[in-house]
file input25.txt (compact mmCIF, C-alpha atoms (C1' of nucleotides))
# COMPACT_ATOMS: atom_id res chain seq x y z
CA MET A 1 12.93 7.19 8.58
CA SER A 2 9.68 7.62 6.74
CA ALA A 3 9.26 11.01 8.36
CA ASN A 4 5.96 12.77 7.90
CA SER A 5 5.20 16.48 7.78
CA ARG A 6 2.37 16.59 10.30
CA LEU A 7 4.26 18.44 13.01
CA THR A 8 5.53 20.93 10.44
CA ILE A 9 2.11 21.61 8.95
CA ALA A 10 0.49 21.80 12.37
CA ALA A 11 3.08 24.34 13.52
CA HIS A 12 2.59 26.28 10.30
CA THR A 13 -1.15 26.30 10.93
CA LEU A 14 -0.92 27.53 14.51
CA ALA A 15 1.63 30.20 13.64
CA TRP A 16 -0.61 31.38 10.80
CA ILE A 17 -3.69 31.63 13.01
CA GLY A 18 -1.71 33.33 15.77
CA LEU A 19 -0.32 35.98 13.44
CA TYR A 20 -3.69 36.49 11.78
CA GLN A 21 -5.38 37.08 15.11
CA ARG A 22 -2.68 39.56 16.10
CA GLN A 23 -3.54 41.44 12.96
CA GLY A 24 -7.00 41.91 14.40
CA HIS A 25 -8.91 39.10 12.71
CA ASP A 26 -11.30 36.92 14.57
CA VAL A 27 -11.13 33.55 12.90
CA ALA A 28 -9.06 31.90 10.18
CA THR A 29 -10.43 29.49 7.58
CA SER A 30 -8.89 26.21 6.52
CA GLU A 31 -8.95 27.61 3.00
CA GLN A 32 -6.66 30.50 3.91
CA ILE A 33 -4.24 28.29 5.82
CA ALA A 34 -4.19 25.72 3.03
CA THR A 35 -3.23 28.43 0.57
CA SER A 36 -0.31 29.48 2.78
CA ALA A 37 0.83 25.89 3.29
CA ASN A 38 0.17 24.98 -0.34
CA THR A 39 -1.99 22.00 0.43
CA ASN A 40 -5.63 20.99 0.52
CA PRO A 41 -8.09 22.52 3.01
CA VAL A 42 -9.18 19.06 4.11
CA VAL A 43 -5.63 18.25 5.18
CA ILE A 44 -5.68 21.38 7.35
CA ARG A 45 -9.11 20.63 8.76
CA ARG A 46 -8.00 17.12 9.68
CA LEU A 47 -4.98 18.43 11.56
CA LEU A 48 -7.01 21.19 13.18
CA GLY A 49 -9.50 18.57 14.32
CA GLU A 50 -6.71 16.82 16.21
CA LEU A 51 -5.48 20.11 17.64
CA ARG A 52 -9.01 20.82 18.81
CA LYS A 53 -9.18 17.44 20.54
CA ALA A 54 -6.04 18.53 22.38
CA GLY A 55 -7.71 21.78 23.35
CA LEU A 56 -5.38 24.06 21.41
CA VAL A 57 -7.93 25.53 18.99
CA GLU A 58 -11.67 25.84 18.64
CA SER A 59 -13.89 26.15 15.60
CA ARG A 60 -17.06 28.03 14.72
CA ARG A 61 -19.47 26.82 12.07
CA GLY A 62 -21.93 28.56 9.80
CA VAL A 63 -21.29 31.77 7.87
CA GLY A 64 -18.18 33.60 9.03
CA ALA A 65 -16.98 30.33 10.46
CA GLY A 66 -13.36 29.40 11.08
CA TRP A 67 -10.73 28.57 13.63
CA SER A 68 -9.19 30.42 16.55
CA LEU A 69 -6.64 29.70 19.27
CA THR A 70 -7.80 28.85 22.75
CA ARG A 71 -4.43 29.76 24.26
CA GLU A 72 -1.69 32.27 23.65
CA LEU A 73 1.13 31.07 21.39
CA GLU A 74 3.47 31.53 24.38
CA SER A 75 1.70 28.76 26.25
CA ILE A 76 1.66 26.20 23.42
CA THR A 77 4.81 24.10 23.10
CA LEU A 78 5.92 21.91 20.24
CA LEU A 79 5.38 19.00 22.61
CA ASP A 80 1.69 19.90 22.86
CA VAL A 81 1.50 19.90 19.09
CA TYR A 82 3.54 16.72 18.76
CA ASP A 83 1.30 14.86 21.18
CA ALA A 84 -1.75 16.14 19.34
CA VAL A 85 -0.76 15.06 15.85
CA GLU A 86 1.84 12.27 16.14
CA PRO A 87 0.31 8.93 17.04
CA GLY A 88 3.05 6.38 17.55
CA PRO A 89 6.50 5.94 19.07
CA LEU A 90 9.71 7.10 17.44
CA PHE A 91 11.19 3.66 16.83
CA ALA A 92 9.30 0.47 16.11
CA MET A 93 9.94 -2.98 17.51
CA HIS A 94 10.18 -6.16 15.42
CA ARG A 95 7.14 -6.78 13.25
CA ALA A 96 7.07 -10.42 14.27
CA THR A 97 7.85 -11.68 17.76
CA PRO A 98 11.55 -12.60 17.97
CA ASP A 99 12.56 -16.16 18.86
CA GLN A 100 11.72 -16.44 22.56
CA GLY A 101 13.97 -19.46 22.83
CA CYS A 102 17.00 -17.32 22.02
CA VAL A 103 18.55 -15.21 24.77
CA VAL A 104 18.80 -12.18 22.54
CA GLY A 105 15.39 -12.72 20.99
CA TYR A 106 13.90 -12.99 24.45
CA GLY A 107 15.51 -9.93 25.98
CA ILE A 108 15.81 -7.54 23.06
CA ARG A 109 12.34 -6.06 23.15
CA PRO A 110 12.21 -5.08 26.82
CA ALA A 111 15.79 -3.86 26.55
CA MET A 112 15.13 -1.66 23.54
CA GLN A 113 11.86 -0.40 24.98
CA HIS A 114 13.74 0.70 28.06
CA ILE A 115 16.40 2.45 26.03
CA TYR A 116 13.94 4.05 23.61
CA GLY A 117 11.87 5.23 26.54
CA GLY A 118 14.74 7.28 27.85
CA ILE A 119 15.51 8.70 24.45
CA GLU A 120 11.91 9.71 23.82
CA GLU A 121 11.81 11.40 27.20
CA THR A 122 14.75 13.52 26.15
CA LEU A 123 13.10 14.32 22.85
CA ARG A 124 9.91 15.35 24.62
CA ALA A 125 11.81 17.60 26.99
CA GLU A 126 13.45 19.26 24.01
CA LEU A 127 10.13 19.74 22.22
CA ALA A 128 8.69 21.22 25.41
CA ARG A 129 11.40 23.86 25.43
CA VAL A 130 10.12 25.43 22.20
CA THR A 131 6.89 27.42 22.23
CA MET A 132 4.79 28.39 19.24
CA GLU A 133 5.72 31.98 20.06
CA ASP A 134 9.37 31.00 19.51
CA VAL A 135 8.38 29.45 16.20
CA LEU A 136 6.52 32.55 15.04
CA LEU A 137 9.42 34.81 16.07
CA ASP A 138 11.80 32.54 14.14
CA VAL A 139 9.49 32.71 11.14
CA LEU A 140 9.33 36.50 11.23
CA ALA A 141 13.09 36.74 11.73
CA VAL A 142 13.90 35.10 8.41
CA PRO A 143 15.42 37.80 6.17
CA ARG A 144 13.62 38.54 2.91
CA MET B 1 4.98 8.55 12.91
CA SER B 2 5.49 5.77 10.43
CA ALA B 3 8.29 4.45 12.58
CA ASN B 4 10.38 1.64 11.15
CA SER B 5 12.19 -1.17 12.91
CA ARG B 6 15.60 -0.80 11.26
CA LEU B 7 17.42 0.49 14.32
CA THR B 8 15.84 -2.23 16.45
CA ILE B 9 16.73 -5.04 14.05
CA ALA B 10 20.23 -3.68 13.51
CA ALA B 11 20.83 -3.52 17.26
CA HIS B 12 19.44 -7.04 17.61
CA THR B 13 21.82 -8.20 14.90
CA LEU B 14 24.92 -6.64 16.44
CA ALA B 15 24.05 -7.87 19.91
CA TRP B 16 23.54 -11.37 18.54
CA ILE B 17 26.87 -11.42 16.72
CA GLY B 18 28.63 -9.95 19.73
CA LEU B 19 27.27 -12.58 22.09
CA TYR B 20 27.95 -15.38 19.62
CA GLN B 21 31.55 -14.33 19.27
CA ARG B 22 31.95 -14.20 23.04
CA GLN B 23 30.79 -17.78 23.08
CA GLY B 24 33.84 -18.63 20.99
CA HIS B 25 32.37 -18.67 17.50
CA ASP B 26 34.11 -17.07 14.60
CA VAL B 27 31.35 -15.83 12.31
CA ALA B 28 27.58 -15.63 12.39
CA THR B 29 25.32 -16.28 9.39
CA SER B 30 22.38 -14.16 8.31
CA GLU B 31 20.31 -17.31 8.59
CA GLN B 32 21.04 -17.67 12.30
CA ILE B 33 20.35 -14.03 13.02
CA ALA B 34 17.16 -14.10 10.97
CA THR B 35 15.93 -17.03 13.04
CA SER B 36 16.53 -15.10 16.24
CA ALA B 37 14.86 -11.94 14.91
CA ASN B 38 12.09 -13.94 13.24
CA THR B 39 12.54 -12.40 9.82
CA ASN B 40 14.04 -13.21 6.45
CA PRO B 41 17.81 -13.64 6.00
CA VAL B 42 17.78 -11.15 3.14
CA VAL B 43 16.45 -8.48 5.47
CA ILE B 44 19.39 -9.15 7.78
CA ARG B 45 21.91 -9.19 4.94
CA ARG B 46 20.61 -5.86 3.69
CA LEU B 47 21.02 -4.27 7.10
CA LEU B 48 24.42 -5.89 7.58
CA GLY B 49 25.45 -4.50 4.22
CA GLU B 50 24.77 -1.00 5.52
CA LEU B 51 26.55 -1.73 8.78
CA ARG B 52 29.52 -2.92 6.76
CA LYS B 53 29.54 0.32 4.76
CA ALA B 54 29.77 2.08 8.10
CA GLY B 55 32.70 -0.14 9.07
CA LEU B 56 30.97 -1.86 11.98
CA VAL B 57 31.07 -5.42 10.60
CA GLU B 58 32.80 -7.41 7.91
CA SER B 59 31.78 -10.47 5.95
CA ARG B 60 33.48 -13.56 4.64
CA ARG B 61 32.20 -15.48 1.64
CA GLY B 62 32.42 -19.08 0.54
CA VAL B 63 31.86 -22.13 2.70
CA GLY B 64 31.97 -21.27 6.40
CA ALA B 65 31.14 -17.72 5.45
CA GLY B 66 29.41 -15.21 7.70
CA TRP B 67 29.68 -11.96 9.57
CA SER B 68 31.85 -10.67 12.37
CA LEU B 69 32.31 -7.43 14.27
CA THR B 70 35.21 -5.15 13.41
CA ARG B 71 34.99 -3.39 16.78
CA GLU B 72 34.15 -4.26 20.34
CA LEU B 73 30.53 -3.73 21.34
CA GLU B 74 31.79 -1.17 23.87
CA SER B 75 32.97 1.10 21.07
CA ILE B 76 29.80 0.96 18.96
CA THR B 77 27.09 3.43 19.95
CA LEU B 78 23.46 3.50 18.93
CA LEU B 79 24.32 6.68 17.05
CA ASP B 80 26.77 4.71 14.89
CA VAL B 81 24.02 2.23 14.13
CA TYR B 82 21.42 4.95 13.60
CA ASP B 83 23.63 6.76 11.10
CA ALA B 84 24.32 3.50 9.32
CA VAL B 85 20.74 2.40 8.81
CA GLU B 86 18.50 5.49 9.02
CA PRO B 87 18.54 7.60 5.88
CA GLY B 88 16.48 10.72 6.43
CA PRO B 89 15.71 13.41 8.99
CA LEU B 90 13.32 12.95 11.90
CA PHE B 91 10.66 15.42 10.73
CA ALA B 92 9.76 16.27 7.15
CA MET B 93 9.07 19.67 5.67
CA HIS B 94 6.05 20.49 3.51
CA ARG B 95 5.66 18.28 0.46
CA ALA B 96 4.98 21.28 -1.74
CA THR B 97 6.67 24.65 -1.39
CA PRO B 98 4.55 26.89 0.85
CA ASP B 99 3.25 30.21 -0.50
CA GLN B 100 6.34 32.39 -0.70
CA GLY B 101 4.14 35.47 -0.88
CA CYS B 102 2.88 34.79 2.63
CA VAL B 103 5.05 35.81 5.58
CA VAL B 104 4.49 32.52 7.34
CA GLY B 105 4.82 30.48 4.15
CA TYR B 106 8.11 32.23 3.43
CA GLY B 107 9.69 31.88 6.84
CA ILE B 108 8.32 28.60 8.12
CA ARG B 109 10.78 26.27 6.43
CA PRO B 110 14.03 27.91 7.56
CA ALA B 111 12.51 28.41 11.00
CA MET B 112 11.49 24.78 11.41
CA GLN B 113 14.75 23.53 9.96
CA HIS B 114 16.59 25.55 12.56
CA ILE B 115 14.43 24.22 15.37
CA TYR B 116 14.52 20.62 14.13
CA GLY B 117 18.28 20.87 13.79
CA GLY B 118 18.68 21.55 17.48
CA ILE B 119 16.30 18.78 18.41
CA GLU B 120 18.06 16.24 16.24
CA GLU B 121 21.38 17.22 17.77
CA THR B 122 19.97 16.39 21.18
CA LEU B 123 18.64 13.09 19.90
CA ARG B 124 22.02 12.23 18.43
CA ALA B 125 23.79 13.05 21.69
CA GLU B 126 21.38 10.76 23.50
CA LEU B 127 21.92 7.93 21.01
CA ALA B 128 25.67 8.39 21.38
CA ARG B 129 25.41 7.81 25.13
CA VAL B 130 24.27 4.21 24.64
CA THR B 131 26.74 1.57 23.49
CA MET B 132 25.94 -1.82 22.04
CA GLU B 133 27.57 -3.26 25.16
CA ASP B 134 24.89 -1.45 27.20
CA VAL B 135 22.27 -2.95 24.93
CA LEU B 136 23.61 -6.49 25.35
CA LEU B 137 23.84 -6.09 29.12
CA ASP B 138 20.23 -4.86 29.16
CA VAL B 139 19.22 -7.83 27.04
CA LEU B 140 20.93 -10.31 29.36
CA ALA B 141 19.50 -8.57 32.43
CA VAL B 142 15.90 -9.27 31.45
CA PRO B 143 14.54 -11.83 33.96
CA ARG B 144 13.26 -15.11 32.57
C1' DT C 1 37.99 -30.07 -9.93
C1' DT C 2 33.75 -30.36 -8.04
C1' DA C 3 30.41 -29.86 -4.43
C1' DT C 4 28.65 -27.13 -0.93
C1' DG C 5 27.16 -23.33 1.78
C1' DT C 6 26.82 -18.48 2.23
C1' DC C 7 27.08 -13.91 0.63
C1' DG C 8 25.41 -10.08 -2.59
C1' DT C 9 21.91 -8.22 -4.94
C1' DA C 10 18.14 -7.65 -8.15
C1' DA C 11 13.35 -8.02 -8.72
C1' DC C 12 8.91 -8.24 -7.25
C1' DA C 13 4.83 -8.51 -3.97
C1' DA C 14 2.24 -7.28 0.25
C1' DT C 15 1.27 -4.08 3.51
C1' DT C 16 0.95 0.28 5.46
C1' DA C 17 1.06 5.29 6.06
C1' DC C 18 0.65 9.74 4.29
C1' DA C 19 -1.17 13.20 1.56
C1' DG C 20 -4.33 14.80 -1.81
C1' DT C 21 -8.98 15.05 -3.67
C1' DT C 22 -13.99 14.89 -4.20
C1' DA C 23 -18.27 14.97 -2.24
C1' DC C 24 -21.87 16.12 0.68
C1' DG C 25 -24.45 16.80 4.89
C1' DA C 26 -24.42 19.91 9.15
C1' DC C 27 -24.45 24.23 10.84
C1' DC C 28 -25.32 29.19 11.46
C1' DA C 29 -25.20 34.31 10.48
C1' DC C 30 -27.49 37.19 7.57
C1' DG D 1 -34.07 30.52 2.69
C1' DT D 2 -29.05 31.58 1.03
C1' DG D 3 -24.38 31.15 1.27
C1' DG D 4 -20.05 30.06 3.25
C1' DT D 5 -17.52 27.02 6.20
C1' DC D 6 -16.90 23.08 9.02
C1' DG D 7 -16.87 17.80 9.67
C1' DT D 8 -16.06 13.68 7.81
C1' DA D 9 -16.31 9.68 4.82
C1' DA D 10 -14.50 7.59 0.84
C1' DC D 11 -11.33 6.98 -2.53
C1' DT D 12 -6.77 7.56 -5.07
C1' DG D 13 -1.77 8.18 -5.79
C1' DT D 14 2.62 7.74 -4.06
C1' DA D 15 6.26 6.09 -1.36
C1' DA D 16 8.55 3.41 2.27
C1' DT D 17 9.14 -0.80 4.62
C1' DT D 18 9.31 -5.51 4.91
C1' DG D 19 9.09 -10.07 3.11
C1' DT D 20 10.13 -13.33 -0.55
C1' DT D 21 12.20 -15.72 -4.50
C1' DA D 22 15.91 -16.32 -7.35
C1' DC D 23 20.44 -16.74 -8.86
C1' DG D 24 25.22 -15.60 -9.71
C1' DA D 25 29.75 -14.90 -7.06
C1' DC D 26 32.81 -16.72 -4.05
C1' DA D 27 35.81 -19.62 -1.12
C1' DT D 28 36.63 -23.77 1.34
C1' DA D 29 37.11 -28.67 1.56
C1' DA D 30 36.76 -33.14 -0.23

call {"tool": "encode", "arguments": {"input": "input25.txt", "output": "structure tokens"}}
result
Amino acid sequence: MSANSRLTIAAHTLAWIGLYQRQGHDVATSEQIATSANTNPVVIRRLLGELRKAGLVESRRGVGAGWSLTRELESITLLDVYDAVEPGPLFAMHRATPDQGCVVGYGIRPAMQHIYGGIEETLRAELARVTMEDVLLDVLAVPR
Amino acid sequence: MSANSRLTIAAHTLAWIGLYQRQGHDVATSEQIATSANTNPVVIRRLLGELRKAGLVESRRGVGAGWSLTRELESITLLDVYDAVEPGPLFAMHRATPDQGCVVGYGIRPAMQHIYGGIEETLRAELARVTMEDVLLDVLAVPR
DNA sequence: TTATGTCGTAACAATTACAGTTACGACCAC
DNA sequence: GTGGTCGTAACTGTAATTGTTACGACATAA
């Protein structure tokens, strides 16, 4: 699979902001988060823009600007993040329409869509079981 | 996600061969399968090569050559196919190493790997619940 | 032995997605 | 105003996937 790192970076971002706010800070900048994630601030701003669309964060502009959470980490699940930053389905269908004159070519797409649907439901349920609080606790539990 | 169609095309291929053999034929050619899937025979041969490595099919060469199943469809699960044709993990880590001086940057990778590990296990269990026989029955059940 | 049809595989092109980067206007606290 | 940050467009580099051409290897049958 040509897996991407969007969910990982988004989780990193939210965990970073959550911890930062617990340390008493008001807002976090994309610059700070990008340094932690070792990437470019624009990459972080793009992801944060999608998280904002999903209502998970908000941003302030001007001097002293930055990002803050709109919800507690406990109430944000990986499914929320996944839905916010992952566009498409897990498995793709044929690029070109299969031969509709062939029994298999005719039935394969609805059949696979049905099967994939069930599998994605299970994946979503599993993602929903993990909160960003769980992620942060896991992060902090890693021995140094 | 930049989802690919490998699992879909591989399932199509196995279902096609399985049905063809039930109709009394000995071997199927990549040409026939490619026509049904509306793609290039080389694409099918490449996938079949990986399925052969996994022991799911075998090939004959020479005149009257082609492909046949080594197992019944009932005993091939989508997990077998997935493992045969999908190389990497579902979710990727950061491209560049996060800042190891930052608490989050230090702990995020092991934490996410742990979480992703559990999720992938669930996905695998779900894929293992579906056999290629189920797929073919679903295909044949689609109303015309 | 030769002709034929298919596999096996390398090589390359086309397309797409992702991530990184630069640039610059918009915005707002001071 | 000044300065720092967001918001976003535009472009590049890289990699994966898929499609395509080409051709040797192989085995069967005439």

call {"tool": "interface_residues", "arguments": {"input": "input25.txt", "of": "chain D", "to": "chain A", "cutoff": "8 Å", "atoms": "only C-alpha atoms (C1' of nucleotides)", "output": "PyMOL selection string"}}
result
chain D and resi 3-6+16

call {"tool": "calpha_fit_and_write", "arguments": {"input": "input25.txt", "fixed": "chain B", "moving": "chain A", "output": "compact mmCIF listing (two decimals) with C-alpha atoms, keeping the file's coordinate frame"}}
result
# COMPACT_ATOMS: atom_id res chain seq x y z
CA MET A 1 4.99 8.59 12.99
CA SER A 2 5.43 5.79 10.51
CA ALA A 3 8.27 4.44 12.61
CA ASN A 4 10.32 1.63 11.17
CA SER A 5 12.15 -1.18 12.94
CA ARG A 6 15.54 -0.82 11.28
CA LEU A 7 17.39 0.48 14.31
CA THR A 8 15.83 -2.25 16.45
CA ILE A 9 16.72 -5.06 14.06
CA ALA A 10 20.21 -3.68 13.51
CA ALA A 11 20.81 -3.53 17.26
CA HIS A 12 19.43 -7.04 17.61
CA THR A 13 21.81 -8.21 14.90
CA LEU A 14 24.91 -6.64 16.43
CA ALA A 15 24.06 -7.87 19.92
CA TRP A 16 23.54 -11.37 18.52
CA ILE A 17 26.88 -11.41 16.71
CA GLY A 18 28.66 -9.94 19.73
CA LEU A 19 27.29 -12.57 22.09
CA TYR A 20 27.96 -15.36 19.61
CA GLN A 21 31.58 -14.33 19.24
CA ARG A 22 31.98 -14.19 23.02
CA GLN A 23 30.82 -17.77 23.06
CA GLY A 24 33.86 -18.60 20.98
CA HIS A 25 32.39 -18.63 17.48
CA ASP A 26 34.11 -17.02 14.59
CA VAL A 27 31.37 -15.82 12.30
CA ALA A 28 27.58 -15.61 12.38
CA THR A 29 25.32 -16.26 9.40
CA SER A 30 22.38 -14.16 8.30
CA GLU A 31 20.33 -17.33 8.59
CA GLN A 32 21.05 -17.69 12.30
CA ILE A 33 20.35 -14.03 13.02
CA ALA A 34 17.15 -14.11 10.98
CA THR A 35 15.92 -17.04 13.04
CA SER A 36 16.54 -15.10 16.26
CA ALA A 37 14.87 -11.97 14.92
CA ASN A 38 12.08 -13.96 13.26
CA THR A 39 12.53 -12.42 9.86
CA ASN A 40 14.03 -13.22 6.48
CA PRO A 41 17.80 -13.66 6.00
CA VAL A 42 17.75 -11.16 3.15
CA VAL A 43 16.42 -8.48 5.48
CA ILE A 44 19.38 -9.16 7.78
CA ARG A 45 21.88 -9.20 4.94
CA ARG A 46 20.56 -5.86 3.69
CA LEU A 47 20.99 -4.27 7.10
CA LEU A 48 24.38 -5.88 7.59
CA GLY A 49 25.43 -4.48 4.22
CA GLU A 50 24.72 -0.99 5.52
CA LEU A 51 26.53 -1.71 8.77
CA ARG A 52 29.50 -2.89 6.74
CA LYS A 53 29.50 0.34 4.74
CA ALA A 54 29.74 2.10 8.09
CA GLY A 55 32.67 -0.10 9.06
CA LEU A 56 30.96 -1.85 11.96
CA VAL A 57 31.03 -5.40 10.58
CA GLU A 58 32.80 -7.38 7.90
CA SER A 59 31.76 -10.43 5.94
CA ARG A 60 33.48 -13.53 4.61
CA ARG A 61 32.20 -15.43 1.59
CA GLY A 62 32.46 -19.02 0.48
CA VAL A 63 32.00 -22.07 2.70
CA GLY A 64 32.05 -21.24 6.40
CA ALA A 65 31.17 -17.70 5.45
CA GLY A 66 29.42 -15.20 7.69
CA TRP A 67 29.66 -11.95 9.55
CA SER A 68 31.85 -10.66 12.36
CA LEU A 69 32.31 -7.40 14.26
CA THR A 70 35.18 -5.12 13.40
CA ARG A 71 34.98 -3.35 16.76
CA GLU A 72 34.17 -4.24 20.33
CA LEU A 73 30.53 -3.72 21.33
CA GLU A 74 31.79 -1.15 23.87
CA SER A 75 32.96 1.11 21.06
CA ILE A 76 29.78 0.96 18.95
CA THR A 77 27.07 3.43 19.94
CA LEU A 78 23.44 3.50 18.93
CA LEU A 79 24.31 6.68 17.05
CA ASP A 80 26.74 4.72 14.88
CA VAL A 81 23.99 2.25 14.13
CA TYR A 82 21.39 4.95 13.59
CA ASP A 83 23.59 6.77 11.11
CA ALA A 84 24.28 3.50 9.33
CA VAL A 85 20.69 2.40 8.83
CA GLU A 86 18.44 5.48 9.06
CA PRO A 87 18.52 7.59 5.92
CA GLY A 88 16.45 10.72 6.45
CA PRO A 89 15.67 13.40 9.01
CA LEU A 90 13.28 12.94 11.91
CA PHE A 91 10.65 15.41 10.74
CA ALA A 92 9.75 16.25 7.17
CA MET A 93 9.06 19.65 5.68
CA HIS A 94 6.04 20.49 3.50
CA ARG A 95 5.69 18.25 0.47
CA ALA A 96 4.99 21.24 -1.74
CA THR A 97 6.71 24.60 -1.39
CA PRO A 98 4.61 26.87 0.84
CA ASP A 99 3.30 30.18 -0.52
CA GLN A 100 6.41 32.36 -0.74
CA GLY A 101 4.22 35.43 -0.92
CA CYS A 102 2.95 34.78 2.60
CA VAL A 103 5.11 35.80 5.55
CA VAL A 104 4.55 32.51 7.31
CA GLY A 105 4.89 30.46 4.15
CA TYR A 106 8.15 32.22 3.40
CA GLY A 107 9.75 31.87 6.81
CA ILE A 108 8.38 28.58 8.09
CA ARG A 109 10.83 26.23 6.43
CA PRO A 110 14.07 27.87 7.54
CA ALA A 111 12.55 28.39 10.98
CA MET A 112 11.52 24.77 11.40
CA GLN A 113 14.79 23.51 9.96
CA HIS A 114 16.62 25.53 12.57
CA ILE A 115 14.45 24.20 15.37
CA TYR A 116 14.54 20.60 14.15
CA GLY A 117 18.29 20.84 13.80
CA GLY A 118 18.67 21.53 17.48
CA ILE A 119 16.29 18.76 18.43
CA GLU A 120 18.06 16.21 16.25
CA GLU A 121 21.37 17.21 17.79
CA THR A 122 19.95 16.39 21.19
CA LEU A 123 18.63 13.08 19.93
CA ARG A 124 22.01 12.21 18.46
CA ALA A 125 23.77 13.04 21.71
CA GLU A 126 21.37 10.75 23.52
CA LEU A 127 21.90 7.92 21.04
CA ALA A 128 25.66 8.39 21.40
CA ARG A 129 25.38 7.80 25.13
CA VAL A 130 24.24 4.20 24.65
CA THR A 131 26.73 1.58 23.49
CA MET A 132 25.94 -1.82 22.04
CA GLU A 133 27.57 -3.25 25.16
CA ASP A 134 24.89 -1.45 27.20
CA VAL A 135 22.25 -2.95 24.94
CA LEU A 136 23.60 -6.48 25.33
CA LEU A 137 23.84 -6.09 29.12
CA ASP A 138 20.23 -4.85 29.16
CA VAL A 139 19.21 -7.83 27.05
CA LEU A 140 20.93 -10.31 29.35
CA ALA A 141 19.49 -8.58 32.42
CA VAL A 142 15.89 -9.29 31.46
CA PRO A 143 14.54 -11.84 33.97
CA ARG A 144 13.30 -15.14 32.56

call {"tool": "atom_distance", "arguments": {"input": "input25.txt", "atom1": "atom CA of His94 of chain B", "atom2": "atom CA of Ile9 of chain A"}}
result
6.8 Å

call {"tool": "closest_atom_pairs", "arguments": {"input": "input25.txt", "of": "chain C", "to": "chain B", "cutoff": "6 Å", "atoms": "all atoms listed in the file", "output": "CSV"}}
result
residue,atom,partner,partner_atom,distance
C:DG5,C1',B:Val63,CA,4.9
C:DT6,C1',B:Ala65,CA,5.4
C:DC7,C1',B:Arg61,CA,5.4

call {"tool": "closest_residue", "arguments": {"input": "input25.txt", "among": "A:Ile44, A:Ala141, A:Val130, A:Ala37", "to": "chain B", "atoms": "all atoms listed in the file"}}
result
A:Ala37

call {"tool": "interface_residues", "arguments": {"input": "input25.txt", "of": "chain B", "to": "chain A", "cutoff": "6 Å", "atoms": "all atoms listed in the file", "output": "MDAnalysis selection string"}}
result
chainID B and resid 1:5 36:38 86 88 90:94 98:99 105 107:108 111 138:139 142

call {"tool": "atom_distance", "arguments": {"input": "input25.txt", "atom1": "atom CA of Ala28 of chain A", "atom2": "atom CA of Gly55 of chain A"}}
result
16.7 Å

call {"tool": "atom_distance", "arguments": {"input": "input25.txt", "atom1": "atom CA of Leu78 of chain A", "atom2": "atom CA of Leu47 of chain A"}}
result
14.4 Å

call {"tool": "residues_near_point", "arguments": {"input": "input25.txt", "point": "(35.0, -25.8, -8.8)", "cutoff": "12 Å", "atoms": "only C-alpha atoms (C1' of nucleotides)", "output": "compact mmCIF listing (two decimals) with C-alpha atoms (C1' of nucleotides), keeping the file's coordinate frame"}}
result
# COMPACT_ATOMS: atom_id res chain seq x y z
CA GLY B 62 32.42 -19.08 0.54
C1' DT C 1 37.99 -30.07 -9.93
C1' DT C 2 33.75 -30.36 -8.04
C1' DA C 3 30.41 -29.86 -4.43
C1' DT C 4 28.65 -27.13 -0.93
C1' DC D 26 32.81 -16.72 -4.05
C1' DA D 27 35.81 -19.62 -1.12
C1' DT D 28 36.63 -23.77 1.34
C1' DA D 29 37.11 -28.67 1.56
C1' DA D 30 36.76 -33.14 -0.23

call {"tool": "closest_residue", "arguments": {"input": "input25.txt", "among": "B:Val57, B:Val43, B:Val27, B:Leu14", "to": "DG19 of chain D", "atoms": "only C-alpha atoms (C1' of nucleotides)"}}
result
B:Val43

call {"tool": "residues_around", "arguments": {"input": "input25.txt", "residues": "DT14 of chain D", "least_positions_apart": "5", "cutoff": "12 Å", "atoms": "all atoms listed in the file", "output": "count of residues only"}}
result
5

call {"tool": "residues_around", "arguments": {"input": "input25.txt", "residues": "DA11 of chain C", "least_positions_apart": "4", "cutoff": "12 Å", "atoms": "only C-alpha atoms (C1' of nucleotides)", "output": "list in words"}}
result
DT20, DT21, DA22 and DC23 of chain D

call {"tool": "residues_near_point", "arguments": {"input": "input25.txt", "point": "(-21.9, 19.1, 9.1)", "cutoff": "7 Å", "atoms": "all atoms listed in the file", "output": "list of chain:residue names"}}
result
C:DG25, C:DA26, C:DC27, D:DC6, D:DG7

call {"tool": "decode", "arguments": {"input": "input25.txt", "residues": "segment 131-135 of chain A", "atoms": "N, CA, C and O atoms", "output": "short mmCIF file (atom, residue, chain, number, x, y, z; two decimals), in the first residue's frame"}}
result
data_model
loop_
_atom_site.label_atom_id
_atom_site.label_comp_id
_atom_site.auth_asym_id
_atom_site.auth_seq_id
_atom_site.Cartn_x
_atom_site.Cartn_y
_atom_site.Cartn_z
N THR A 131 -8.51 7.16 21.90
CA THR A 131 -8.63 8.62 21.99
C THR A 131 -7.25 9.26 21.91
O THR A 131 -6.22 8.60 22.09
N MET A 132 -7.24 10.55 21.65
CA MET A 132 -5.97 11.27 21.61
C MET A 132 -5.32 11.31 23.00
O MET A 132 -4.11 11.42 23.12
N GLU A 133 -6.15 11.20 24.03
CA GLU A 133 -5.59 11.07 25.38
C GLU A 133 -4.80 9.77 25.51
O GLU A 133 -3.70 9.75 26.06
N ASP A 134 -5.35 8.68 24.97
CA ASP A 134 -4.63 7.41 24.96
C ASP A 134 -3.30 7.57 24.23
O ASP A 134 -2.26 7.07 24.68
N VAL A 135 -3.33 8.26 23.11
CA VAL A 135 -2.11 8.45 22.33
C VAL A 135 -1.07 9.21 23.16
O VAL A 135 0.08 8.80 23.26
#
